[in-house]
file target31.txt (compact mmCIF, C-alpha atoms (C1' of nucleotides))
# COMPACT_ATOMS: atom_id res chain seq x y z
CA MET R 1 1.48 -26.50 -45.24
CA THR R 2 3.61 -23.45 -45.55
CA GLU R 3 3.43 -20.56 -43.17
CA THR R 4 0.36 -18.81 -44.50
CA THR R 5 -1.15 -18.07 -41.11
CA LEU R 6 1.84 -17.01 -39.07
CA PRO R 7 0.91 -19.01 -36.03
CA PRO R 8 0.70 -17.27 -32.66
CA ALA R 9 3.95 -19.15 -32.46
CA ALA R 10 7.32 -17.67 -31.75
CA PRO R 11 6.02 -15.83 -28.77
CA SER R 12 9.50 -15.86 -27.37
CA ARG R 13 10.59 -14.11 -30.55
CA ARG R 14 8.14 -11.31 -29.87
CA TRP R 15 9.33 -10.89 -26.32
CA ALA R 16 12.93 -11.02 -27.43
CA ASP R 17 12.26 -8.20 -29.84
CA ALA R 18 10.47 -6.19 -27.20
CA LEU R 19 13.40 -6.56 -24.84
CA ARG R 20 15.91 -5.59 -27.49
CA ALA R 21 13.82 -2.58 -28.45
CA LEU R 22 14.21 -1.42 -24.88
CA GLY R 23 17.92 -2.06 -24.90
CA ARG R 24 17.66 -4.87 -22.35
CA ARG R 25 19.37 -8.19 -22.73
CA VAL R 26 17.42 -11.21 -23.87
CA THR R 27 17.72 -14.01 -21.33
CA ARG R 28 16.10 -17.40 -20.91
CA GLN R 29 14.73 -16.32 -17.55
CA ARG R 30 13.03 -13.21 -18.88
CA LEU R 31 11.53 -14.98 -21.86
CA ALA R 32 10.25 -17.76 -19.65
CA ALA R 33 8.76 -15.32 -17.15
CA LEU R 34 7.07 -13.26 -19.83
CA SER R 35 5.47 -16.21 -21.57
CA ALA R 36 4.43 -17.82 -18.31
CA ILE R 37 2.61 -14.65 -17.32
CA GLU R 38 1.17 -14.20 -20.78
CA ALA R 39 -0.17 -17.76 -20.51
CA SER R 40 -1.73 -17.16 -17.12
CA PRO R 41 -2.49 -13.53 -16.41
CA HIS R 42 -2.72 -12.33 -12.80
CA ALA R 43 -0.03 -14.80 -11.77
CA THR R 44 1.76 -14.16 -8.49
CA ALA R 45 5.53 -14.26 -8.10
CA ASP R 46 5.13 -17.69 -6.62
CA ASP R 47 3.03 -18.91 -9.53
CA VAL R 48 5.78 -17.76 -11.83
CA VAL R 49 8.40 -19.64 -9.84
CA GLN R 50 6.35 -22.83 -10.14
CA ALA R 51 5.93 -22.35 -13.86
CA LEU R 52 9.61 -21.62 -14.45
CA ARG R 53 10.87 -24.59 -12.49
CA ALA R 54 9.69 -26.73 -15.40
CA GLU R 55 12.19 -25.34 -17.86
CA LEU R 56 14.74 -23.67 -15.61
CA SER R 57 14.99 -26.16 -12.81
CA GLY R 58 17.31 -24.29 -10.52
CA ILE R 59 15.64 -20.89 -10.49
CA THR R 60 15.13 -19.26 -7.12
CA VAL R 61 12.36 -17.15 -5.71
CA GLN R 62 14.64 -14.19 -5.25
CA SER R 63 15.70 -14.19 -8.88
CA VAL R 64 12.10 -14.26 -9.96
CA TYR R 65 11.37 -11.24 -7.77
CA VAL R 66 14.24 -9.36 -9.37
CA ILE R 67 13.15 -10.34 -12.85
CA LEU R 68 9.56 -9.33 -12.27
CA ALA R 69 10.51 -6.01 -10.72
CA ASP R 70 12.83 -5.38 -13.60
CA LEU R 71 10.36 -6.23 -16.34
CA THR R 72 7.76 -4.19 -14.53
CA ASP R 73 9.70 -1.01 -14.61
CA ALA R 74 10.87 -1.74 -18.10
CA GLY R 75 7.18 -1.48 -18.94
CA LEU R 76 6.69 -5.05 -20.16
CA LEU R 77 4.69 -6.15 -17.15
CA ARG R 78 2.04 -4.51 -15.08
CA ARG R 79 1.93 -5.19 -11.40
CA ILE R 80 -1.47 -5.45 -9.72
CA GLU R 81 -1.91 -5.19 -5.98
CA THR R 82 -5.13 -6.43 -4.49
CA PRO R 83 -6.00 -6.54 -0.80
CA HIS R 84 -4.88 -9.61 1.13
CA SER R 85 -3.00 -11.10 -1.77
CA PRO R 86 0.57 -10.99 -2.97
CA ALA R 87 1.21 -8.83 -6.02
CA ARG R 88 0.11 -10.17 -9.39
CA TYR R 89 1.47 -9.57 -12.85
CA GLU R 90 0.07 -9.38 -16.35
CA THR R 91 1.37 -8.66 -19.83
CA ARG R 92 -1.68 -6.73 -20.95
CA ILE R 93 -0.38 -3.23 -20.51
CA ASN R 94 -1.37 -0.94 -23.32
CA ASP R 95 -5.04 -0.42 -22.60
CA ASN R 96 -5.77 0.97 -19.20
CA HIS R 97 -8.11 -1.76 -18.12
CA HIS R 98 -9.13 -2.39 -14.55
CA HIS R 99 -9.73 -5.34 -12.25
CA ALA R 100 -12.50 -6.84 -10.20
CA VAL R 101 -11.65 -9.01 -7.25
CA CYS R 102 -13.95 -11.42 -5.44
CA THR R 103 -13.82 -10.59 -1.76
CA SER R 104 -14.63 -14.17 -0.93
CA CYS R 105 -12.25 -16.28 -3.02
CA GLY R 106 -9.85 -13.66 -4.34
CA ARG R 107 -10.39 -14.45 -8.02
CA ILE R 108 -9.60 -11.61 -10.38
CA GLU R 109 -11.29 -10.63 -13.63
CA ASP R 110 -10.44 -7.98 -16.16
CA VAL R 111 -12.73 -5.03 -16.65
CA ASP R 112 -12.44 -2.85 -19.71
CA CYS R 113 -12.23 0.84 -19.07
CA ALA R 114 -15.84 1.91 -19.42
CA VAL R 115 -15.29 5.42 -20.66
CA GLY R 116 -12.54 4.53 -23.08
CA HIS R 117 -10.19 7.02 -21.62
CA ALA R 118 -9.70 6.84 -17.86
CA PRO R 119 -12.90 7.63 -15.98
CA CYS R 120 -12.98 10.67 -13.75
CA LEU R 121 -9.43 11.54 -14.70
CA THR R 122 -9.97 15.06 -13.42
CA PRO R 123 -10.52 14.47 -9.73
CA HIS R 124 -12.53 16.75 -7.51
CA TRP R 125 -10.19 17.47 -4.65
CA SER R 126 -11.59 17.40 -1.17
CA SER R 127 -11.44 20.72 0.63
CA GLY R 128 -8.00 21.21 2.08
CA ALA R 129 -6.37 18.78 -0.32
CA GLN R 130 -3.27 19.83 -2.25
CA PRO R 131 -4.05 19.03 -5.88
CA MET R 132 -1.60 16.86 -7.84
CA THR R 133 -0.91 16.32 -11.50
CA ILE R 134 -2.62 13.01 -12.21
CA GLN R 135 -1.07 10.44 -14.50
CA VAL R 136 -3.24 7.36 -14.10
CA ALA R 137 -6.43 6.35 -12.37
CA GLU R 138 -6.80 2.72 -11.39
CA VAL R 139 -10.17 1.34 -10.51
CA LEU R 140 -10.50 -1.72 -8.32
CA TYR R 141 -13.94 -3.28 -8.19
CA GLN R 142 -14.78 -5.54 -5.30
CA GLY R 143 -17.65 -7.95 -5.23
CA ILE R 144 -18.69 -11.59 -5.18
CA CYS R 145 -18.16 -13.91 -8.09
CA GLU R 146 -20.83 -16.29 -9.39
CA ALA R 147 -19.20 -19.35 -7.91
CA CYS R 148 -18.97 -17.90 -4.41
CA ARG R 149 -22.48 -16.50 -4.59
CA ASN R 150 -23.87 -19.93 -5.39
CA SER R 151 -21.84 -22.02 -3.01
CA PRO R 152 -22.79 -22.21 0.67
CA PRO R 153 -20.06 -20.58 2.75
CA THR R 154 -18.43 -23.82 3.81
CA ASN R 155 -16.67 -22.48 6.89
CA MET K 1 -25.76 29.43 25.60
CA THR K 2 -27.61 26.17 25.59
CA GLU K 3 -26.65 23.38 23.30
CA THR K 4 -27.63 24.98 20.03
CA THR K 5 -24.35 24.25 18.24
CA LEU K 6 -23.19 21.04 19.84
CA PRO K 7 -19.47 21.80 19.67
CA PRO K 8 -17.15 19.38 17.85
CA ALA K 9 -15.99 18.85 21.41
CA ALA K 10 -16.08 15.64 23.34
CA PRO K 11 -14.70 13.67 20.44
CA SER K 12 -13.96 10.75 22.71
CA ARG K 13 -17.60 10.90 23.72
CA ARG K 14 -18.67 10.55 20.12
CA TRP K 15 -16.39 7.58 19.58
CA ALA K 16 -17.52 6.01 22.80
CA ASP K 17 -21.10 6.28 21.64
CA ALA K 18 -20.25 4.84 18.26
CA LEU K 19 -18.56 1.86 19.88
CA ARG K 20 -21.46 1.27 22.22
CA ALA K 21 -23.92 1.51 19.37
CA LEU K 22 -22.05 -1.37 17.79
CA GLY K 23 -22.05 -3.37 20.98
CA ARG K 24 -18.29 -3.13 21.36
CA ARG K 25 -16.58 -2.19 24.60
CA VAL K 26 -15.22 1.28 25.12
CA THR K 27 -11.53 1.13 25.96
CA ARG K 28 -8.81 3.75 26.36
CA GLN K 29 -6.85 2.14 23.53
CA ARG K 30 -9.70 2.30 21.06
CA LEU K 31 -10.61 5.88 21.89
CA ALA K 32 -7.00 6.92 21.61
CA ALA K 33 -6.57 5.15 18.27
CA LEU K 34 -9.74 6.64 16.83
CA SER K 35 -8.92 10.19 17.79
CA ALA K 36 -5.32 9.88 16.70
CA ILE K 37 -6.45 8.77 13.27
CA GLU K 38 -9.17 11.39 13.13
CA ALA K 39 -6.50 13.98 13.92
CA SER K 40 -4.18 12.74 11.21
CA PRO K 41 -5.96 10.88 8.44
CA HIS K 42 -4.01 8.36 6.34
CA ALA K 43 -1.92 7.40 9.35
CA THR K 44 -0.08 4.08 9.20
CA ALA K 45 -0.16 1.53 12.01
CA ASP K 46 3.25 2.78 13.00
CA ASP K 47 2.10 6.40 13.09
CA VAL K 48 -0.68 5.33 15.40
CA VAL K 49 1.76 3.57 17.71
CA GLN K 50 3.84 6.74 17.94
CA ALA K 51 0.78 8.84 18.69
CA LEU K 52 -0.53 6.45 21.33
CA ARG K 53 2.74 6.15 23.18
CA ALA K 54 2.10 9.67 24.47
CA GLU K 55 -0.94 8.73 26.50
CA LEU K 56 -0.64 4.97 26.79
CA SER K 57 3.08 4.57 27.35
CA GLY K 58 3.30 0.82 27.28
CA ILE K 59 1.30 0.04 24.17
CA THR K 60 2.80 -2.40 21.70
CA VAL K 61 2.78 -2.56 17.94
CA GLN K 62 0.92 -5.86 17.95
CA SER K 63 -1.89 -4.48 20.07
CA VAL K 64 -2.27 -1.57 17.71
CA TYR K 65 -2.54 -3.95 14.77
CA VAL K 66 -5.26 -5.88 16.54
CA ILE K 67 -7.12 -2.70 17.46
CA LEU K 68 -6.93 -1.29 13.95
CA ALA K 69 -8.06 -4.55 12.35
CA ASP K 70 -10.87 -4.73 14.81
CA LEU K 71 -12.10 -1.17 14.34
CA THR K 72 -11.79 -1.64 10.61
CA ASP K 73 -14.15 -4.52 10.43
CA ALA K 74 -16.42 -2.92 12.97
CA GLY K 75 -16.78 -0.26 10.29
CA LEU K 76 -15.32 2.65 12.24
CA LEU K 77 -12.12 2.82 10.24
CA ARG K 78 -11.37 2.47 6.59
CA ARG K 79 -8.14 0.84 5.55
CA ILE K 80 -6.34 2.19 2.50
CA GLU K 81 -3.66 0.24 0.68
CA THR K 82 -1.38 2.14 -1.63
CA PRO K 83 1.55 0.69 -3.55
CA HIS K 84 4.87 0.52 -1.74
CA SER K 85 3.46 1.71 1.53
CA PRO K 86 2.09 0.05 4.62
CA ALA K 87 -1.67 0.21 5.04
CA ARG K 88 -3.18 3.52 6.12
CA TYR K 89 -6.32 4.26 8.07
CA GLU K 90 -8.90 7.03 8.15
CA THR K 91 -12.10 7.78 10.01
CA ARG K 92 -13.88 9.31 7.04
CA ILE K 93 -15.98 6.37 6.00
CA ASN K 94 -19.47 7.34 5.00
CA ASP K 95 -18.87 8.99 1.67
CA ASN K 96 -17.16 6.81 -0.87
CA HIS K 97 -14.30 9.15 -1.56
CA HIS K 98 -11.08 8.15 -3.27
CA HIS K 99 -7.37 8.84 -2.95
CA ALA K 100 -4.54 10.29 -4.95
CA VAL K 101 -1.00 9.26 -4.19
CA CYS K 102 2.17 11.02 -5.27
CA THR K 103 4.40 8.46 -6.95
CA SER K 104 7.43 10.42 -5.89
CA CYS K 105 6.96 11.16 -2.19
CA GLY K 106 3.99 8.96 -1.35
CA ARG K 107 1.80 11.74 0.01
CA ILE K 108 -1.91 11.04 -0.10
CA GLU K 109 -4.79 13.42 -0.74
CA ASP K 110 -8.51 12.86 -0.65
CA VAL K 111 -10.55 13.04 -3.82
CA ASP K 112 -14.29 13.41 -3.69
CA CYS K 113 -16.23 10.97 -5.77
CA ALA K 114 -16.81 12.93 -8.95
CA VAL K 115 -20.06 11.34 -10.01
CA GLY K 116 -21.60 11.37 -6.57
CA HIS K 117 -22.33 7.71 -6.73
CA ALA K 118 -19.42 5.47 -7.59
CA PRO K 119 -18.12 6.04 -11.12
CA CYS K 120 -18.42 3.23 -13.63
CA LEU K 121 -20.09 1.04 -11.07
CA THR K 122 -21.34 -1.17 -13.85
CA PRO K 123 -18.13 -2.56 -15.26
CA HIS K 124 -17.70 -3.67 -18.85
CA TRP K 125 -16.27 -7.13 -18.51
CA SER K 126 -13.42 -8.09 -20.77
CA SER K 127 -14.21 -10.93 -23.13
CA GLY K 128 -13.83 -14.23 -21.35
CA ALA K 129 -14.27 -12.69 -17.93
CA GLN K 130 -16.76 -14.19 -15.47
CA PRO K 131 -18.89 -11.27 -14.32
CA MET K 132 -19.25 -10.64 -10.59
CA THR K 133 -21.74 -8.81 -8.44
CA ILE K 134 -19.95 -5.57 -7.65
CA GLN K 135 -20.20 -3.96 -4.23
CA VAL K 136 -17.69 -1.14 -4.31
CA ALA K 137 -15.37 0.52 -6.78
CA GLU K 138 -12.25 2.17 -5.43
CA VAL K 139 -10.33 4.61 -7.55
CA LEU K 140 -6.67 5.25 -6.91
CA TYR K 141 -5.17 8.21 -8.72
CA GLN K 142 -1.44 8.36 -9.16
CA GLY K 143 0.49 11.47 -10.05
CA ILE K 144 3.00 14.03 -8.86
CA CYS K 145 2.25 16.51 -6.14
CA GLU K 146 3.12 20.21 -6.39
CA ALA K 147 6.03 19.97 -4.01
CA CYS K 148 7.69 17.12 -5.90
CA ARG K 149 7.05 18.74 -9.24
CA ASN K 150 8.80 21.92 -8.12
CA SER K 151 11.72 20.40 -6.30
CA PRO K 152 14.75 19.14 -8.26
CA PRO K 153 14.94 15.34 -7.91
CA THR K 154 17.70 15.44 -5.34
CA ASN K 155 18.98 11.93 -5.90
C1' DT Z 1 36.91 -14.74 -29.25
C1' DA Z 2 37.74 -11.92 -25.32
C1' DG Z 3 36.05 -8.28 -22.58
C1' DT Z 4 32.67 -5.59 -20.30
C1' DT Z 5 28.80 -5.22 -17.70
C1' DA Z 6 23.98 -6.36 -17.42
C1' DT Z 7 21.67 -10.25 -15.26
C1' DT Z 8 21.14 -13.92 -12.23
C1' DG Z 9 22.25 -16.69 -8.02
C1' DT Z 10 22.90 -16.94 -2.96
C1' DG Z 11 22.25 -16.09 1.67
C1' DA Z 12 20.97 -13.02 4.94
C1' DG Z 13 17.92 -9.39 6.45
C1' DT Z 14 13.60 -6.51 6.74
C1' DT Z 15 8.91 -4.99 6.81
C1' DA Z 16 4.38 -5.53 7.89
C1' DC Z 17 1.74 -8.27 9.76
C1' DT Z 18 -0.65 -12.68 12.10
C1' DC Z 19 -1.28 -16.22 15.77
C1' DA Z 20 -1.57 -18.57 20.21
C1' DT Z 21 -1.95 -17.93 24.72
C1' DA Z 22 -1.88 -15.47 29.10
C1' DA Z 23 -3.15 -11.36 31.67
C1' DT Z 24 -6.47 -7.46 31.99
C1' DT Z 25 -10.44 -4.92 32.28
C1' DA Z 26 -15.11 -3.31 30.70
C1' DC Z 27 -19.65 -4.22 31.29
C1' DT Z 28 -23.19 -7.01 33.47
C1' DG Z 29 -26.45 -8.67 37.59
C1' DG Z 30 -27.03 -8.90 42.12
C1' DC G 1 -20.62 -1.14 45.10
C1' DC G 2 -18.73 -5.98 44.06
C1' DA G 3 -17.97 -10.33 41.79
C1' DG G 4 -18.24 -12.82 37.50
C1' DT G 5 -17.46 -13.47 32.68
C1' DA G 6 -16.35 -12.43 28.33
C1' DA G 7 -14.28 -9.19 25.43
C1' DT G 8 -9.92 -6.79 24.92
C1' DT G 9 -5.14 -6.18 25.27
C1' DA G 10 -0.31 -7.77 26.11
C1' DT G 11 3.48 -10.83 25.03
C1' DG G 12 6.41 -13.56 22.44
C1' DA G 13 6.98 -16.20 18.63
C1' DG G 14 6.17 -16.98 13.79
C1' DT G 15 5.20 -15.99 8.76
C1' DA G 16 4.67 -14.04 4.10
C1' DA G 17 6.44 -11.30 0.76
C1' DC G 18 9.85 -9.03 -0.44
C1' DT G 19 14.66 -6.43 -0.54
C1' DC G 20 19.76 -6.07 -0.32
C1' DA G 21 24.72 -6.91 -0.83
C1' DC G 22 27.81 -9.23 -3.16
C1' DA G 23 29.66 -13.08 -5.96
C1' DA G 24 29.06 -15.80 -10.22
C1' DT G 25 27.44 -16.03 -14.96
C1' DA G 26 26.26 -15.08 -19.46
C1' DA G 27 24.66 -11.46 -23.28
C1' DC G 28 26.08 -8.37 -26.30
C1' DT G 29 30.15 -5.89 -28.74
C1' DA G 30 34.42 -4.92 -30.76
call {"tool": "encode", "arguments": {"input": "target31.txt", "output": "structure tokens"}}
result
Amino acid sequence: MTETTLPPAAPSRRWADALRALGRRVTRQRLAALSAIEASPHATADDVVQALRAELSGITVQSVYVILADLTDAGLLRRIETPHSPARYETRINDNHHHAVCTSCGRIEDVDCAVGHAPCLTPHWSSGAQPMTIQVAEVLYQGICEACRNSPPTN
Amino acid sequence: MTETTLPPAAPSRRWADALRALGRRVTRQRLAALSAIEASPHATADDVVQALRAELSGITVQSVYVILADLTDAGLLRRIETPHSPARYETRINDNHHHAVCTSCGRIEDVDCAVGHAPCLTPHWSSGAQPMTIQVAEVLYQGICEACRNSPPTN
DNA sequence: TAGTTATTGTGAGTTACTCATAATTACTGG
DNA sequence: CCAGTAATTATGAGTAACTCACAATAACTA
């Protein structure tokens, strides 16, 4: 069969293009990091290291930290910080969606932005507060996931 | 005058009562920590150490961490985590208010909850997400404060 | 194909905490 | 008021998650 349905394939090609469009160099490490995170969203730096060891055997934790920080402020990754967990990364960056974290097991789920545009983007300042010019509003939901709710707290 | 307008006075008395009501012991360290944080909201653990050294000269950083963690899960303090900053603490805990952080200087301001009750407390799960039972929604606004906006980026 | 310089690799260092265990000290009960 | 017994606090060591400086490498470019 010929290429009628351009497969989701060539993901590395897409990332390569994105990097070039930003004037950044295209490296094996960056491509590997980006597709690893695309494949498993909310991955931690450590998860990424594990994933990359498969194809880039000698990669170090420090390099991964540099790469992630770099891709993050290049705008290709979004960094998520949840309580009592190392930072997580995802490639879904163009919608401002939010996250819900299970306070019991730490699992994270995506939540679409309810209002479409950021909710309550015009804050009501507390008395005495110096107002700021707001750029983004991130919502972090905390609760209990199904699995934890159903399983007896085994501790 | 008799006690018509119970003065804001005796703050340590109030905290002592609060501790007792929870069945926790009333100690100099706890009272000092609580009033230090009440006096300067959004204080970091380190800020608290500095403040406490005045009255409790020999106090250590580790003790302060223990005290703060303890008061936090006793429900007398609320812990705030903002990106690229150590955790902060505040005594304002009974309204679910939010925070705005200046991405340039890190200053934090309080934001009243616009909707009264938590905004978007019924999340719209992304497709494929396992819904959870939500308990709280925290909103973190990020922007630029007046001071930073007006001052030339001196770097 | 060589040169320039953005990336990556390496090793050490830091920040923000946590843990185990010993020493105190606040609240009983007598 | 005094002793007893936990709850707190102090102490020292240890850890997780990064960050930094500098040397080595490899992408782009001319």
call {"tool": "axis_aligned_box", "arguments": {"input": "target31.txt", "around": "range 34-43 of chain R", "padding_each_side": "5 Å", "output": "AutoDock Vina command-line options"}}
result
--center_x 2.2 --center_y -15.1 --center_z -16.7 --size_x 19.8 --size_y 15.5 --size_z 19.8
call {"tool": "atom_distance", "arguments": {"input": "target31.txt", "atom1": "CA of Thr82 in chain R", "atom2": "C1' of DG11 in chain Z"}}
result
29.7 Å
call {"tool": "residues_near_point", "arguments": {"input": "target31.txt", "point": "(5.2, -19.3, 9.2)", "cutoff": "12 Å", "atoms": "only C-alpha atoms (C1' of nucleotides)", "output": "list in words"}}
result
DC17, DT18 and DC19 of chain Z; DA13, DG14, DT15, DA16 and DA17 of chain G
call {"tool": "write_last_selection", "arguments": {"input": "target31.txt", "atoms": "C-alpha atoms (C1' of nucleotides)", "output": "mmCIF file, in the coordinates of the input"}}
result
data_model
loop_
_atom_site.group_PDB
_atom_site.id
_atom_site.type_symbol
_atom_site.label_atom_id
_atom_site.label_comp_id
_atom_site.auth_asym_id
_atom_site.auth_seq_id
_atom_site.Cartn_x
_atom_site.Cartn_y
_atom_site.Cartn_z
ATOM 1 C "C1'" DC Z 17 1.740 -8.270 9.760
ATOM 2 C "C1'" DT Z 18 -0.650 -12.680 12.100
ATOM 3 C "C1'" DC Z 19 -1.280 -16.220 15.770
ATOM 4 C "C1'" DA G 13 6.980 -16.200 18.630
ATOM 5 C "C1'" DG G 14 6.170 -16.980 13.790
ATOM 6 C "C1'" DT G 15 5.200 -15.990 8.760
ATOM 7 C "C1'" DA G 16 4.670 -14.040 4.100
ATOM 8 C "C1'" DA G 17 6.440 -11.300 0.760
#
call {"tool": "interface_residues", "arguments": {"input": "target31.txt", "of": "chain K", "to": "chain R", "cutoff": "6 Å", "atoms": "only C-alpha atoms", "output": "JSON, numbers by chain"}}
result
{"K": [109, 110, 111, 112, 114, 124, 125, 126, 129, 132, 133, 134, 135, 136, 137, 138, 139, 140, 141, 142, 143, 144, 145, 146]}
call {"tool": "write_last_selection", "arguments": {"input": "target31.txt", "atoms": "C-alpha atoms", "output": "PDB file, in the frame of the given file"}}
result
ATOM      1  CA  GLU K 109      -4.790  13.420  -0.740  1.00  0.00           C
ATOM      2  CA  ASP K 110      -8.510  12.860  -0.650  1.00  0.00           C
ATOM      3  CA  VAL K 111     -10.550  13.040  -3.820  1.00  0.00           C
ATOM      4  CA  ASP K 112     -14.290  13.410  -3.690  1.00  0.00           C
ATOM      5  CA  ALA K 114     -16.810  12.930  -8.950  1.00  0.00           C
ATOM      6  CA  HIS K 124     -17.700  -3.670 -18.850  1.00  0.00           C
ATOM      7  CA  TRP K 125     -16.270  -7.130 -18.510  1.00  0.00           C
ATOM      8  CA  SER K 126     -13.420  -8.090 -20.770  1.00  0.00           C
ATOM      9  CA  ALA K 129     -14.270 -12.690 -17.930  1.00  0.00           C
ATOM     10  CA  MET K 132     -19.250 -10.640 -10.590  1.00  0.00           C
ATOM     11  CA  THR K 133     -21.740  -8.810  -8.440  1.00  0.00           C
ATOM     12  CA  ILE K 134     -19.950  -5.570  -7.650  1.00  0.00           C
ATOM     13  CA  GLN K 135     -20.200  -3.960  -4.230  1.00  0.00           C
ATOM     14  CA  VAL K 136     -17.690  -1.140  -4.310  1.00  0.00           C
ATOM     15  CA  ALA K 137     -15.370   0.520  -6.780  1.00  0.00           C
ATOM     16  CA  GLU K 138     -12.250   2.170  -5.430  1.00  0.00           C
ATOM     17  CA  VAL K 139     -10.330   4.610  -7.550  1.00  0.00           C
ATOM     18  CA  LEU K 140      -6.670   5.250  -6.910  1.00  0.00           C
ATOM     19  CA  TYR K 141      -5.170   8.210  -8.720  1.00  0.00           C
ATOM     20  CA  GLN K 142      -1.440   8.360  -9.160  1.00  0.00           C
ATOM     21  CA  GLY K 143       0.490  11.470 -10.050  1.00  0.00           C
ATOM     22  CA  ILE K 144       3.000  14.030  -8.860  1.00  0.00           C
ATOM     23  CA  CYS K 145       2.250  16.510  -6.140  1.00  0.00           C
ATOM     24  CA  GLU K 146       3.120  20.210  -6.390  1.00  0.00           C
TER      25      GLU K 146
END
call {"tool": "residues_around", "arguments": {"input": "target31.txt", "residues": "Glu38 in chain R", "least_positions_apart": "5", "cutoff": "9 Å", "atoms": "all atoms listed in the file", "output": "list of chain:residue names"}}
result
R:Ala33, R:Glu90, R:Thr91, R:Arg92
call {"tool": "write_last_selection", "arguments": {"input": "target31.txt", "atoms": "C-alpha atoms", "output": "mmCIF file, in the frame of the given file"}}
result
data_model
loop_
_atom_site.group_PDB
_atom_site.id
_atom_site.type_symbol
_atom_site.label_atom_id
_atom_site.label_comp_id
_atom_site.auth_asym_id
_atom_site.auth_seq_id
_atom_site.Cartn_x
_atom_site.Cartn_y
_atom_site.Cartn_z
ATOM 1 C CA ALA R 33 8.760 -15.320 -17.150
ATOM 2 C CA GLU R 90 0.070 -9.380 -16.350
ATOM 3 C CA THR R 91 1.370 -8.660 -19.830
ATOM 4 C CA ARG R 92 -1.680 -6.730 -20.950
#
call {"tool": "closest_residue", "arguments": {"input": "target31.txt", "among": "K:Arg14, K:Arg88, K:Arg20, K:Arg25", "to": "chain Z", "atoms": "only C-alpha atoms (C1' of nucleotides)"}}
result
K:Arg25
call {"tool": "interface_residues", "arguments": {"input": "target31.txt", "of": "chain G", "to": "chain K", "cutoff": "10 Å", "atoms": "all atoms listed in the file", "output": "PDB file with C-alpha atoms (C1' of nucleotides), in the coordinates of the input"}}
result
ATOM      1  C1'  DA G   7     -14.280  -9.190  25.430  1.00  0.00           C
ATOM      2  C1'  DT G   8      -9.920  -6.790  24.920  1.00  0.00           C
ATOM      3  C1'  DT G   9      -5.140  -6.180  25.270  1.00  0.00           C
ATOM      4  C1'  DA G  10      -0.310  -7.770  26.110  1.00  0.00           C
ATOM      5  C1'  DT G  11       3.480 -10.830  25.030  1.00  0.00           C
TER       6       DT G  11
END
call {"tool": "atom_distance", "arguments": {"input": "target31.txt", "atom1": "CA of Ile37 in chain R", "atom2": "CA of Ala16 in chain R"}}
result
14.9 Å
call {"tool": "residues_around", "arguments": {"input": "target31.txt", "residues": "DG13 in chain Z", "least_positions_apart": "5", "cutoff": "12 Å", "atoms": "all atoms listed in the file", "output": "MDAnalysis selection string"}}
result
chainID G and resid 18:21
call {"tool": "interface_residues", "arguments": {"input": "target31.txt", "of": "chain Z", "to": "chain R", "cutoff": "10 Å", "atoms": "all atoms listed in the file", "output": "list in words"}}
result
DA6, DT7, DT8, DG9 and DT10 of chain Z
call {"tool": "decode", "arguments": {"input": "target31.txt", "residues": "range 23-30 of chain K", "atoms": "N, CA, C and O atoms", "output": "compact mmCIF listing (two decimals), in the first residue's frame"}}
result
# COMPACT_ATOMS: atom_id res chain seq x y z
N GLY K 23 -6.07 19.28 70.67
CA GLY K 23 -5.43 18.26 71.49
C GLY K 23 -3.92 18.23 71.34
O GLY K 23 -3.29 17.24 71.69
N ARG K 24 -3.35 19.31 70.81
CA ARG K 24 -1.90 19.35 70.67
C ARG K 24 -1.33 20.21 71.78
O ARG K 24 -1.99 21.12 72.29
N ARG K 25 -0.09 19.94 72.17
CA ARG K 25 0.52 20.71 73.25
C ARG K 25 0.90 22.10 72.81
O ARG K 25 1.23 22.33 71.65
N VAL K 26 0.84 23.01 73.77
CA VAL K 26 1.17 24.40 73.50
C VAL K 26 2.64 24.64 73.85
O VAL K 26 3.02 24.54 75.01
N THR K 27 3.45 24.90 72.85
CA THR K 27 4.87 25.11 73.12
C THR K 27 5.31 26.48 72.64
O THR K 27 4.67 27.07 71.76
N ARG K 28 6.40 26.98 73.21
CA ARG K 28 6.94 28.28 72.80
C ARG K 28 7.21 28.29 71.30
O ARG K 28 6.88 29.24 70.60
N GLN K 29 7.81 27.18 70.82
CA GLN K 29 8.18 27.11 69.40
C GLN K 29 6.97 27.24 68.48
O GLN K 29 6.99 27.97 67.50
N ARG K 30 5.91 26.53 68.83
CA ARG K 30 4.72 26.58 67.97
C ARG K 30 4.09 27.95 67.98
O ARG K 30 3.72 28.49 66.94
